[in-house]
Amino acid sequence: MKRSRISFLVACLSLAVVMVSCGPDVALPKGGVEGLIPMPQSVAMGSGDLECHGSLHVIWPEDWEAEQDVVSRWLENAGIAMDPQSPSTIRFSRTEDVEGAEAYRLNVESRGVVVEAATGAGLFRGWMTLRKMLPVECESGCPEGFVLPAMSVVDAPFFEHRGLLLDGCRHFQDLDFVKKQVDLLALHGMNVLHWHLTEDQGWRIEIKALPRLTSVGAWREEADGTRHGGYYSQEEIREVVAYAAARHIEVIPEIEMPGHSSAALAAYPELGCTGLPLEVPARWGVFKDIYCAGNDSTFGFLEAVLDEVVELFPSPRIHIGGDEAPKVRWSSCKKCQRRMAQEGLQDEEELQRWFIERMGQYLASKGKTIIGWDEILEGGLPEGAAVQSWRGMGGAAEAVHLGADVIVSPTSHCYLDYPLRSTDLEEAYSFNPLPDSLSHGPGRILGGEGNMWTEHAPQELVESKVYPRLTALSEVYWSGPNRTTQPKAYTDFLARLDAHYVRLDAMDVDYGLESPPFALETAAGANGALSAEVIALGRGVTGRGLWTGTDADSVSSGVSFEVRGPGEVVMEVGRRGKWTGQQVAFPLDGHDAAFKPLMLSYAPSPWYTGGGNGALVDGKLGSSDFRDGAWQAQQGVDMTATVDLGAPQTIEEVATGVYLYQDAWIFLPASVLWEGSEDGKQWSTLARIAPGDVLARDDRQQRMSLKAVVRPGAPQAQFVRMTVTNAGPCPDWHAAAGSESWLFLDEITVR
Ligand code: ACM
Ligand code: ZN
């Protein structure tokens with residue numbers, strides 16, 4: 001083989017490096033702060049590096065057995081022997097002169113490392129920083145010898161509450177998976193697992209006094225007839241709590257009330273206002289059957305549940321939910337109305353406050369305080385409650401004003417179940433949990449969480465949604481907004497993230513992407529075709545794929561191609577030089593109206609523009625996700641679109657895509673009328689359909705193609721007008737009965 005001059009030069013240089021590495025120090029793998037997330041508050045580099053050659057002498061503090069076990073196991077797995085004869089030491093030591101519940105000091109000198117803290121938690125956080133300063137190879141096996149540069153770290157978290165909400169209800173996760181998530185929280189310096197254990201779609205915690213909660217409430221029948229479910233036995237819960245405690249992570253259980261309680265009502269229907277039997281629902285959304293507030297047995301039931309919950313969770317705080325509890329049942333329930341009269345409550349919101357306060361008092365008698373979602377403010381802040389603000393930061397502002405403790409996890413930055421197009425990594429990192437307006441009490445922002453709801457995430461998808469966005473939030477909560485909102489902070493974070501990924505790889509974490517991998521751009525192509533191009537977005541993303549329509553062909557990102565007729569571009573996602581196995585599909589249609597002049601009778605909703613006023617002729621069809629950016633929508637109005645084909649032509653087929661998701665107030669149109677005209681003045685009908693008449697009503701969210709063959713003999717048309725009639729207000733049976741419904745369209749397709 002012919003060798004180039006460059007490769008010869010590289011070979012000579014590597015030989016030189018190998019020779020140097022035989023000498024002292026220089027070429028040993030080196031640790032440092034390059035892969036450290038979250039970044040400590042203060043790092044000062046020193047002189048006189050520490051060398052480690054396969055062993056360390058570890059000096060443990062008193063009263064740190066569970067932690068010692070965690071640290072020793074990690075060192076063992078890394079191949080570092082704990083040897084009292086080793087010249088290099090790690091000393092964990094308690095000292096009163098480090099202030100703060102999780103604060104620590106860490107010094108690396110030539111003879112060893114000293115980690116000092118006043119608390120076991122501080123020592124553990126210090127250990128985690130030390131672990132992440134070792135060469136990243138140590139995660140899967142340390143090199144024989146390595147160097148740690150001398151430095152002095154002084155560190156403490158900015159916020160005292162740094163958590164992940166894990167919804168174990170919509171999809172159940174097995175015990176090992178939950179423990180792995182605890183390990184990952186510890187890796188990121190987080191200290192709370194907010195464990196969402198009861199929901200409409202499943203009750204997940206064994207309550208011995210109420211066995212039907214798990215024999216009935218933990219199981220649901222899916223649309224395809226399969227059963228989904230599971231629950232954690234009390235023994236398993238104790239195991240998770242102890243596992244977390246050894247890593248200084250508080251497990252806060254969430255036991256939802258009064259809403260999101262369908263699974264409990266399926267088990268014990270007498271607790272609802274109607275008393276009628278229910279099934280554990282297999283649909284997502286907000287359900288109107290909630291615990292009856294007029295029924296004394298509701299409180300007996302909840303107290304029995306909480307009696308067992310408080311025994312299982314040492315956390316001083318219990319999350320009682322309180323979100324999304326529709327009051328329709330309470331409004332028409334004699335018992336609830338009687339309760340309101342007896343207690344002098346003005347409305348159902350006050351009845352909710354009374355409900356939460358009553359349960360709060362019960363928990364107070366057990367030495368526990370409560371946390372509730374920001375809806376608990378609606379009937380007045382229940383005495384002694386902390387508030388978790390999720391519907392933006394408004395609830396946080398109100399609660400701080402009222403003097404409450406507050407946890408923030410607004411949908412704008414902290415919803416890890418949201419797609420990357422709503423919240424990408426940079427957006428998560430940009431979160432400021434403590435804007436100026438909230439920093440002046442009397443209440444306090446304790447910190448924040450990332451919320452991982454699992455409606456659309458069976459266990460195997462959870463990590464790809466949580467990470468790396470929770471990695472960003474971990475730094476936001478640990479380092480604090482003074483650091484993370486600095487101009488270069490995000491770039492600096494990304495540089496450290498690349499090393500952090502190696503750590504996540506070693507822990508077999510299926511982390512996801514940092515932003516949507518691709519965008520699809522379309523334009524008018526040559527000879528009436530549609531021109532399309534897939535653009536790779538984000539760091540290190542590459543793509544290869546296939547156009548599946550007529551003239552099927554391979555597609556590469558960054559190379560435009562021509563589309564005639566309908567089909568999909570299916571792209572494989574590459575990241576950091578590897579194919580991820582993830583695919584992204586873009587449905588497209590190169591039809592005769594694509595990129596022709598268009599007139600709309602309405603202004604698209606700013607939330608659903610479909611990409612702009614020309615969205616209905618851009619060739620991009622909507623997917624099964626109504627938030628994919630391709631859908632154009634309006635609420636409560638009919639939508640008419642008129643396209644000018646440029647010259648009269650025979651029209652054979654017309655079509656549009658509509659979306660159906662009644663739980664989200666999106667209904668099929670009452671009718672779709674297509675008309676043709678030669679002059680844009682005189683119109684004749686091409687086709688008309690009334691999808692409500694011809695399609696079965698179905699609650700599953702989906703795109704539906706409404707297509708019509710034009711009657712033979714219809715006159716030629718230069719203009720095509722599509723009038724889509726809104727379904728009218730949500731019907732009586734709907735949770736939002738009487739509210740204006742939404743209409744979603746993706747294209748006006750003409751052939
Ligand atoms: C919530 O997302 N319903 C708290
Ligand atoms: Zn009732």
# chains A, B, ... in the order shown; residues from 1 in each chain; ligands from 1

call {"tool": "residues_near_ligand", "arguments": {"ligand": "ligand 1", "cutoff": "7 Å", "atoms": "only C-alpha atoms and all ligand atoms", "output": "MDAnalysis selection string"}}
result
chainID A and resid 323:324 373 390

call {"tool": "residues_near_ligand", "arguments": {"ligand": "ligand 2", "cutoff": "12 Å", "atoms": "only C-alpha atoms and all ligand atoms", "output": "JSON, numbers by chain"}}
result
{"A": [258, 269, 270, 271, 272, 273, 274, 275, 288, 289, 290, 291, 292, 293, 294, 295, 296, 297, 298, 327, 328, 329, 330, 331, 332, 333, 334, 335, 336, 337, 338, 339, 340, 348, 351, 352, 355]}

call {"tool": "closest_residue", "arguments": {"among": "A:Tyr231, A:Tyr608, A:Trp203, A:Phe124", "to": "A:Ala245", "atoms": "only C-alpha atoms"}}
result
A:Phe124

call {"tool": "closest_residue", "arguments": {"among": "A:Phe561, A:Trp683, A:Tyr490, A:Phe719", "to": "A:Ala647", "atoms": "only C-alpha atoms"}}
result
A:Phe719

call {"tool": "residues_around", "arguments": {"residues": "A:Gly392", "least_positions_apart": "6", "cutoff": "9 Å", "atoms": "only C-alpha atoms", "output": "list in words"}}
result
Val408, Ser409, Pro410, Thr411 and Ser412 of chain A

call {"tool": "residues_around", "arguments": {"residues": "stretch 307-319 of chain A", "least_positions_apart": "6", "cutoff": "9 Å", "atoms": "only C-alpha atoms", "output": "PyMOL selection string"}}
result
chain A and resi 194+196+205-209+234-235+237-238+241+250-256+363+366-373

call {"tool": "write_last_selection", "arguments": {"atoms": "N, CA, C and O atoms", "output": "short mmCIF file (atom, residue, chain, number, x, y, z; two decimals), in the first residue's frame"}}
result
data_model
loop_
_atom_site.label_atom_id
_atom_site.label_comp_id
_atom_site.auth_asym_id
_atom_site.auth_seq_id
_atom_site.Cartn_x
_atom_site.Cartn_y
_atom_site.Cartn_z
N HIS A 194 -38.92 12.33 42.96
CA HIS A 194 -40.36 12.59 43.18
C HIS A 194 -41.07 11.47 42.43
O HIS A 194 -41.10 11.46 41.20
N HIS A 196 -44.06 9.41 41.29
CA HIS A 196 -45.49 9.56 41.04
C HIS A 196 -46.10 8.16 41.00
O HIS A 196 -45.91 7.41 40.05
N ILE A 205 -48.65 1.41 44.17
CA ILE A 205 -48.05 1.17 45.48
C ILE A 205 -48.95 0.23 46.29
O ILE A 205 -50.16 0.50 46.43
N GLU A 206 -48.35 -0.83 46.78
CA GLU A 206 -49.13 -1.79 47.56
C GLU A 206 -49.62 -1.14 48.86
O GLU A 206 -48.83 -0.55 49.59
N ILE A 207 -50.93 -1.23 49.09
CA ILE A 207 -51.51 -0.78 50.36
C ILE A 207 -52.18 -2.00 50.96
O ILE A 207 -53.18 -2.50 50.42
N LYS A 208 -51.62 -2.49 52.04
CA LYS A 208 -52.08 -3.81 52.54
C LYS A 208 -53.54 -3.78 52.99
O LYS A 208 -54.25 -4.76 52.82
N ALA A 209 -53.98 -2.64 53.54
CA ALA A 209 -55.36 -2.58 54.02
C ALA A 209 -56.37 -2.48 52.88
O ALA A 209 -57.57 -2.65 53.10
N GLN A 234 -44.50 -3.37 49.11
CA GLN A 234 -43.93 -2.51 50.16
C GLN A 234 -42.45 -2.84 50.37
O GLN A 234 -41.65 -1.95 50.64
N GLU A 235 -42.13 -4.11 50.22
CA GLU A 235 -40.72 -4.50 50.36
C GLU A 235 -39.86 -3.83 49.28
O GLU A 235 -38.77 -3.33 49.54
N ILE A 237 -40.55 -1.09 47.70
CA ILE A 237 -40.48 0.35 47.96
C ILE A 237 -39.42 0.64 49.01
O ILE A 237 -38.60 1.55 48.86
N ARG A 238 -39.39 -0.18 50.05
CA ARG A 238 -38.35 0.01 51.07
C ARG A 238 -36.96 -0.12 50.46
O ARG A 238 -36.03 0.59 50.83
N VAL A 241 -36.16 3.07 48.61
CA VAL A 241 -35.93 4.17 49.55
C VAL A 241 -34.54 4.03 50.19
O VAL A 241 -33.79 5.02 50.31
N GLU A 250 -33.66 11.88 48.54
CA GLU A 250 -34.94 11.77 49.26
C GLU A 250 -35.99 11.29 48.26
O GLU A 250 -36.09 11.83 47.16
N VAL A 251 -36.74 10.27 48.64
CA VAL A 251 -37.82 9.82 47.76
C VAL A 251 -39.12 10.41 48.29
O VAL A 251 -39.54 10.12 49.41
N ILE A 252 -39.73 11.28 47.48
CA ILE A 252 -41.00 11.90 47.86
C ILE A 252 -42.10 11.20 47.07
O ILE A 252 -42.14 11.31 45.84
N PRO A 253 -42.99 10.49 47.75
CA PRO A 253 -44.06 9.83 47.00
C PRO A 253 -45.14 10.84 46.64
O PRO A 253 -45.41 11.77 47.39
N GLU A 254 -45.73 10.65 45.47
CA GLU A 254 -46.91 11.46 45.13
C GLU A 254 -48.13 10.55 45.12
O GLU A 254 -48.20 9.58 44.36
N ILE A 255 -49.06 10.89 45.99
CA ILE A 255 -50.33 10.17 46.10
C ILE A 255 -51.39 11.20 45.69
O ILE A 255 -51.70 12.11 46.44
N GLU A 256 -51.89 11.06 44.47
CA GLU A 256 -52.76 12.10 43.88
C GLU A 256 -54.13 12.16 44.53
O GLU A 256 -54.78 11.12 44.71
N LEU A 363 -51.81 14.57 57.71
CA LEU A 363 -50.39 14.27 57.55
C LEU A 363 -49.55 15.01 58.58
O LEU A 363 -48.54 14.49 59.07
N LYS A 366 -48.98 13.23 61.57
CA LYS A 366 -47.97 12.16 61.42
C LYS A 366 -46.58 12.76 61.23
O LYS A 366 -45.64 12.08 60.80
N GLY A 367 -46.48 14.08 61.41
CA GLY A 367 -45.17 14.72 61.30
C GLY A 367 -44.74 15.01 59.86
O GLY A 367 -43.55 15.19 59.60
N LYS A 368 -45.71 15.06 58.96
CA LYS A 368 -45.35 15.29 57.55
C LYS A 368 -45.98 16.59 57.05
O LYS A 368 -47.08 16.96 57.47
N THR A 369 -45.30 17.24 56.10
CA THR A 369 -45.90 18.39 55.42
C THR A 369 -46.26 17.98 53.99
O THR A 369 -45.81 16.94 53.52
N ILE A 370 -47.05 18.81 53.34
CA ILE A 370 -47.49 18.44 51.98
C ILE A 370 -46.94 19.38 50.92
O ILE A 370 -46.65 20.55 51.17
N ILE A 371 -46.84 18.81 49.72
CA ILE A 371 -46.55 19.59 48.50
C ILE A 371 -47.72 19.34 47.57
O ILE A 371 -48.22 18.21 47.48
N GLY A 372 -48.17 20.39 46.87
CA GLY A 372 -49.22 20.19 45.87
C GLY A 372 -48.90 20.99 44.62
O GLY A 372 -48.18 22.00 44.68
N TRP A 373 -49.44 20.56 43.48
CA TRP A 373 -49.28 21.31 42.22
C TRP A 373 -49.97 22.67 42.34
O TRP A 373 -50.83 22.85 43.22
#

call {"tool": "residues_around", "arguments": {"residues": "A:Gln716", "least_positions_apart": "3", "cutoff": "10 Å", "atoms": "only C-alpha atoms", "output": "list of chain:residue names"}}
result
A:Ala647, A:Pro648, A:Gln649, A:Thr650, A:Ile651, A:Glu652, A:Gly676, A:Ser677, A:Glu678, A:Leu686, A:Gly713, A:Phe719

call {"tool": "residues_around", "arguments": {"residues": "stretch 483-486 of chain A", "least_positions_apart": "4", "cutoff": "10 Å", "atoms": "only C-alpha atoms", "output": "PyMOL selection string"}}
result
chain A and resi 39+41+429-432+472-473+475-479+490+492-493

call {"tool": "write_last_selection", "arguments": {"atoms": "all heavy atoms", "output": "compact mmCIF listing (two decimals), in the first residue's frame"}}
result
# COMPACT_ATOMS: atom_id res chain seq x y z
N MET A 39 -20.93 21.80 37.38
CA MET A 39 -19.67 22.46 37.69
C MET A 39 -19.70 22.98 39.13
O MET A 39 -20.66 23.61 39.53
CB MET A 39 -19.49 23.64 36.72
CG MET A 39 -18.10 24.22 36.73
SD MET A 39 -16.89 22.96 36.20
CE MET A 39 -15.39 23.88 36.38
N GLN A 41 -18.90 25.26 42.50
CA GLN A 41 -18.94 26.72 42.66
C GLN A 41 -17.56 27.34 42.53
O GLN A 41 -17.41 28.43 42.00
CB GLN A 41 -19.54 27.10 44.03
CG GLN A 41 -20.94 26.52 44.30
CD GLN A 41 -22.01 27.04 43.35
OE1 GLN A 41 -21.76 27.92 42.53
NE2 GLN A 41 -23.21 26.48 43.43
N TYR A 429 -31.29 24.31 29.54
CA TYR A 429 -30.15 24.93 30.23
C TYR A 429 -30.43 26.41 30.54
O TYR A 429 -29.89 26.96 31.49
CB TYR A 429 -28.88 24.80 29.39
CG TYR A 429 -27.63 25.10 30.18
CD1 TYR A 429 -27.04 24.12 30.99
CD2 TYR A 429 -27.05 26.37 30.16
CE1 TYR A 429 -25.92 24.39 31.75
CE2 TYR A 429 -25.92 26.65 30.91
CZ TYR A 429 -25.36 25.66 31.70
OH TYR A 429 -24.24 25.93 32.47
N SER A 430 -31.28 27.02 29.70
CA SER A 430 -31.52 28.47 29.88
C SER A 430 -32.52 28.76 31.01
O SER A 430 -32.81 29.92 31.29
CB SER A 430 -32.05 29.07 28.58
OG SER A 430 -33.40 28.67 28.40
N PHE A 431 -33.03 27.73 31.64
CA PHE A 431 -34.06 27.94 32.67
C PHE A 431 -33.50 28.74 33.85
O PHE A 431 -32.44 28.40 34.39
CB PHE A 431 -34.57 26.59 33.16
CG PHE A 431 -35.63 26.68 34.23
CD1 PHE A 431 -36.66 27.62 34.13
CD2 PHE A 431 -35.60 25.84 35.33
CE1 PHE A 431 -37.63 27.73 35.11
CE2 PHE A 431 -36.57 25.94 36.32
CZ PHE A 431 -37.59 26.88 36.21
N ASN A 432 -34.23 29.77 34.23
CA ASN A 432 -33.87 30.52 35.44
C ASN A 432 -34.93 30.26 36.51
O ASN A 432 -36.01 30.84 36.46
CB ASN A 432 -33.76 32.01 35.15
CG ASN A 432 -33.31 32.78 36.39
OD1 ASN A 432 -33.25 32.21 37.49
ND2 ASN A 432 -32.99 34.05 36.22
N ALA A 472 -28.63 19.05 31.87
CA ALA A 472 -28.63 20.52 31.84
C ALA A 472 -29.31 21.07 33.10
O ALA A 472 -28.77 21.97 33.76
CB ALA A 472 -29.35 21.01 30.59
N LEU A 473 -30.47 20.52 33.43
CA LEU A 473 -31.18 21.03 34.62
C LEU A 473 -30.38 20.78 35.89
O LEU A 473 -30.45 21.56 36.84
CB LEU A 473 -32.57 20.38 34.73
CG LEU A 473 -33.60 20.87 33.70
CD1 LEU A 473 -34.90 20.09 33.85
CD2 LEU A 473 -33.87 22.37 33.86
N GLU A 475 -27.27 21.07 36.31
CA GLU A 475 -26.32 22.18 36.50
C GLU A 475 -27.06 23.46 36.87
O GLU A 475 -26.59 24.25 37.69
CB GLU A 475 -25.46 22.36 35.25
CG GLU A 475 -24.39 23.42 35.44
CD GLU A 475 -23.15 23.16 34.60
OE1 GLU A 475 -22.44 22.17 34.88
OE2 GLU A 475 -22.89 23.94 33.67
N VAL A 476 -28.24 23.65 36.25
CA VAL A 476 -29.05 24.83 36.59
C VAL A 476 -29.36 24.83 38.10
O VAL A 476 -29.22 25.85 38.77
CB VAL A 476 -30.37 24.81 35.78
CG1 VAL A 476 -31.37 25.83 36.32
CG2 VAL A 476 -30.08 25.07 34.30
N TYR A 477 -29.74 23.67 38.62
CA TYR A 477 -30.16 23.62 40.02
C TYR A 477 -28.95 23.60 40.97
O TYR A 477 -29.02 24.10 42.08
CB TYR A 477 -31.04 22.39 40.27
CG TYR A 477 -32.36 22.43 39.51
CD1 TYR A 477 -32.94 21.27 38.99
CD2 TYR A 477 -33.04 23.64 39.32
CE1 TYR A 477 -34.14 21.31 38.30
CE2 TYR A 477 -34.24 23.68 38.62
CZ TYR A 477 -34.78 22.51 38.12
OH TYR A 477 -35.98 22.56 37.43
N TRP A 478 -27.85 22.99 40.54
CA TRP A 478 -26.69 22.94 41.43
C TRP A 478 -25.91 24.26 41.39
O TRP A 478 -25.62 24.85 42.43
CB TRP A 478 -25.74 21.78 41.06
CG TRP A 478 -24.59 21.72 42.02
CD1 TRP A 478 -23.48 22.54 42.02
CD2 TRP A 478 -24.46 20.87 43.16
NE1 TRP A 478 -22.68 22.23 43.08
CE2 TRP A 478 -23.25 21.22 43.80
CE3 TRP A 478 -25.25 19.86 43.69
CZ2 TRP A 478 -22.80 20.57 44.96
CZ3 TRP A 478 -24.79 19.21 44.84
CH2 TRP A 478 -23.59 19.58 45.46
N SER A 479 -25.59 24.69 40.18
CA SER A 479 -24.69 25.85 40.08
C SER A 479 -25.45 27.16 40.27
O SER A 479 -24.86 28.15 40.69
CB SER A 479 -24.00 25.86 38.72
OG SER A 479 -23.30 24.64 38.53
N TYR A 490 -23.42 28.14 28.38
CA TYR A 490 -23.94 26.97 27.65
C TYR A 490 -22.84 26.32 26.79
O TYR A 490 -22.72 25.10 26.74
CB TYR A 490 -25.15 27.37 26.80
CG TYR A 490 -25.78 26.20 26.09
CD1 TYR A 490 -26.33 25.14 26.81
CD2 TYR A 490 -25.80 26.12 24.69
CE1 TYR A 490 -26.90 24.04 26.17
CE2 TYR A 490 -26.36 25.02 24.05
CZ TYR A 490 -26.91 23.99 24.79
OH TYR A 490 -27.46 22.90 24.16
N ASP A 492 -19.71 26.34 27.37
CA ASP A 492 -18.81 25.68 28.31
C ASP A 492 -19.42 24.35 28.79
O ASP A 492 -18.75 23.32 28.87
CB ASP A 492 -18.58 26.64 29.49
CG ASP A 492 -17.73 26.01 30.56
OD1 ASP A 492 -16.61 25.60 30.23
OD2 ASP A 492 -18.20 25.92 31.72
N PHE A 493 -20.74 24.37 29.02
CA PHE A 493 -21.45 23.15 29.43
C PHE A 493 -21.34 22.08 28.33
O PHE A 493 -21.07 20.91 28.60
CB PHE A 493 -22.92 23.51 29.71
CG PHE A 493 -23.84 22.32 29.83
CD1 PHE A 493 -23.87 21.56 30.99
CD2 PHE A 493 -24.69 21.97 28.78
CE1 PHE A 493 -24.72 20.46 31.10
CE2 PHE A 493 -25.55 20.88 28.88
CZ PHE A 493 -25.56 20.12 30.05

call {"tool": "closest_residue", "arguments": {"among": "A:Cys142, A:Val672, A:Ala264, A:Ile748", "to": "A:Gln201", "atoms": "only C-alpha atoms"}}
result
A:Ala264

call {"tool": "residues_around", "arguments": {"residues": "stretch 443-449 of chain A", "least_positions_apart": "2", "cutoff": "6 Å", "atoms": "only C-alpha atoms", "output": "count of residues only"}}
result
15

call {"tool": "select_by_dssp", "arguments": {"residues": "stretch 473-505 of chain A", "states": "alpha helix (DSSP H)", "output": "number ranges by chain"}}
result
A: 473-479, 481-484, 489-505

call {"tool": "write_last_selection", "arguments": {"atoms": "C-alpha atoms", "output": "mmCIF file, in the first residue's frame"}}
result
data_model
loop_
_atom_site.group_PDB
_atom_site.id
_atom_site.type_symbol
_atom_site.label_atom_id
_atom_site.label_comp_id
_atom_site.auth_asym_id
_atom_site.auth_seq_id
_atom_site.Cartn_x
_atom_site.Cartn_y
_atom_site.Cartn_z
ATOM 1 C CA LEU A 473 -31.182 21.029 34.619
ATOM 2 C CA SER A 474 -28.834 19.403 37.132
ATOM 3 C CA GLU A 475 -26.321 22.175 36.505
ATOM 4 C CA VAL A 476 -29.051 24.832 36.592
ATOM 5 C CA TYR A 477 -30.158 23.618 40.024
ATOM 6 C CA TRP A 478 -26.691 22.937 41.427
ATOM 7 C CA SER A 479 -24.694 25.850 40.076
ATOM 8 C CA PRO A 481 -28.692 31.008 37.679
ATOM 9 C CA ASN A 482 -25.841 33.398 38.514
ATOM 10 C CA ARG A 483 -23.557 30.979 36.713
ATOM 11 C CA THR A 484 -25.724 29.200 34.165
ATOM 12 C CA ALA A 489 -22.120 29.182 30.150
ATOM 13 C CA TYR A 490 -23.939 26.969 27.653
ATOM 14 C CA THR A 491 -20.933 26.588 25.327
ATOM 15 C CA ASP A 492 -18.808 25.675 28.312
ATOM 16 C CA PHE A 493 -21.453 23.153 29.428
ATOM 17 C CA LEU A 494 -21.491 21.537 25.975
ATOM 18 C CA ALA A 495 -17.723 21.079 26.054
ATOM 19 C CA ARG A 496 -18.004 19.212 29.371
ATOM 20 C CA LEU A 497 -21.042 17.289 28.138
ATOM 21 C CA ASP A 498 -19.001 15.476 25.506
ATOM 22 C CA ALA A 499 -16.898 13.860 28.232
ATOM 23 C CA HIS A 500 -20.007 13.297 30.322
ATOM 24 C CA TYR A 501 -21.517 11.277 27.447
ATOM 25 C CA VAL A 502 -18.666 8.787 27.777
ATOM 26 C CA ARG A 503 -19.681 8.366 31.413
ATOM 27 C CA LEU A 504 -23.327 7.868 30.431
ATOM 28 C CA ASP A 505 -22.243 5.348 27.775
#

call {"tool": "atom_distance", "arguments": {"atom1": "atom CA of A:Gln662", "atom2": "atom CA of A:Arg703"}}
result
12.3 Å

call {"tool": "select_by_dssp", "arguments": {"residues": "stretch 656-725 of chain A", "states": "strand (DSSP E)", "output": "PyMOL selection string"}}
result
chain A and resi 656-660+671-677+684-689+702-709+717-725

call {"tool": "atom_distance", "arguments": {"atom1": "atom CA of A:Val724", "atom2": "atom CA of A:Ala524"}}
result
25.6 Å

call {"tool": "closest_residue", "arguments": {"among": "A:Asp746, A:Glu740, A:Glu34, A:Glu350", "to": "A:Leu588", "atoms": "only C-alpha atoms"}}
result
A:Asp746

call {"tool": "closest_residue", "arguments": {"among": "A:Gly450, A:Gly512, A:Pro382, A:Pro326", "to": "A:Val573", "atoms": "only C-alpha atoms"}}
result
A:Gly512

call {"tool": "closest_residue", "arguments": {"among": "A:Thr226, A:Ser705, A:Asn107, A:Ser55", "to": "A:Glu144", "atoms": "only C-alpha atoms"}}
result
A:Ser55

call {"tool": "atom_distance", "arguments": {"atom1": "atom CA of A:Met507", "atom2": "atom CA of A:Val541"}}
result
22.1 Å
